[in-house]
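Encoded as structure tokens, the structure appears first; notes follow it.
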Amino acid sequence: NPSGTVYAVGSNSRCLRVCAYPDLSTSSWDEPIAPEVVLKRKDYHRGSIYCLAWDKTGQLLATGSNDKVIKLIRFEDDSYESPVGKEIDLSFHDGTIRDLIFASWQPSTSPMLISGGAGSSRIFITDCLTGSVVSSLVG
């Protein structure tokens with residue numbers, strides 16, 4: 001996350017976790033530090049979570065999976081404990097989603113998500129406010 005306060009982890013067990021970075025100033029470095037999980041979603045996807053990306057504000061998180069779905073989850077503040085509104089599912093890929101990155105284009109104020117995946121190897125550019133595909137490229 002761009003704020004540097006949390007990070008997100010997806011897993012083969014289909015679980016999404018958002019964890020707080022530990023305070024390393026009090027760490028002895030001799031013992032591993034257990035993560036502080038601030039948000040946990042079991043069975044977040046129907047398949048393994050392969051990739052994820054935060055937008056530049058740190059308030060929008062995208063996850064991609066071998067279930068061929070991209071999920072968008074919004075946060076309103078820096079607590080990350082409770083998402084805002086309904087999560088958005090994007091189902092236009094025909095294979096495992098392998099990579100996600102957010103981008104911005106002027107004059108649009110909407111965050112754009114670029115996603116790539118297996119199957120037809122298409123690259124999609126999606127408007128995250130509307131959930132609609134803006135462009136599709138052959139990869």
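Ordering of the structure tokens sets the chain letters (A, B, ...); residue numbers start at 1 within each chain; ligands are numbered from 1 in the order shown.
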| task | Excluding Glu87 (chain A) and any residue of its chain fewer than 4 positions from it, enumerate the residues within 9 Å of it, using only C-alpha atoms, and give them as a PyMOL selection string. | result | chain A and resi 71-74+83
| region 17-109 of chain A: which residues are strand (DSSP E) by DSSP, as a ChimeraX atom specification? | /A:17-20,36-41,49-54,60-65,70-75,83-90,97-103
| field | region 49-53 of chain A surroundings by only C-alpha atoms, 12 Å radius, close-in-sequence under 2 positions cut, as a PyMOL selection string | value | chain A and resi 1-2+7-18+41-47+55-73+95-103+112-118
| task | Rounded to one decimal place, report the CA of Ser79 (chain A)-CA of Leu24 (chain A) distance in Å. | result |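 If I compute the distance from CA of Ser79 (chain A) to CA of Leu24 (chain A), I get 19.5 Å.
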Residue neighbourhood Val38 (chain A), 7 Å, only C-alpha atoms, exclusion window fewer than 4 positions, as a PDB file with N, CA, C and O atoms, in the first residue's frame:
ATOM      1  N   VAL A  18      -5.174  -8.345   4.795  1.00  0.00           N
ATOM      2  CA  VAL A  18      -4.512  -7.051   4.839  1.00  0.00           C
ATOM      3  C   VAL A  18      -3.871  -6.976   6.219  1.00  0.00           C
ATOM      4  O   VAL A  18      -4.542  -7.167   7.233  1.00  0.00           O
ATOM      5  N   CYS A  19      -2.557  -6.748   6.244  1.00  0.00           N
ATOM      6  CA  CYS A  19      -1.792  -6.780   7.493  1.00  0.00           C
ATOM      7  C   CYS A  19      -1.101  -5.448   7.725  1.00  0.00           C
ATOM      8  O   CYS A  19      -0.687  -4.779   6.778  1.00  0.00           O
ATOM      9  N   ALA A  20      -0.944  -5.084   8.997  1.00  0.00           N
ATOM     10  CA  ALA A  20      -0.215  -3.878   9.375  1.00  0.00           C
ATOM     11  C   ALA A  20       1.274  -4.184   9.382  1.00  0.00           C
ATOM     12  O   ALA A  20       1.694  -5.262   9.816  1.00  0.00           O
ATOM     13  N   TYR A  80      -8.414   0.175   7.372  1.00  0.00           N
ATOM     14  CA  TYR A  80      -8.477  -1.001   6.511  1.00  0.00           C
ATOM     15  C   TYR A  80      -9.221  -2.180   7.142  1.00  0.00           C
ATOM     16  O   TYR A  80      -9.165  -3.287   6.642  1.00  0.00           O
ATOM     17  N   GLU A  81      -9.899  -1.937   8.236  1.00  0.00           N
ATOM     18  CA  GLU A  81     -10.642  -3.010   8.900  1.00  0.00           C
ATOM     19  C   GLU A  81     -11.999  -3.249   8.270  1.00  0.00           C
ATOM     20  O   GLU A  81     -12.515  -4.350   8.311  1.00  0.00           O
TER      21      GLU A  81
END
| Of the residues A:Asp78, A:Asp127, A:Trp54, A:Ser3, which is the one nearest to Thr109 (chain A), using only C-alpha atoms? | A:Asp127
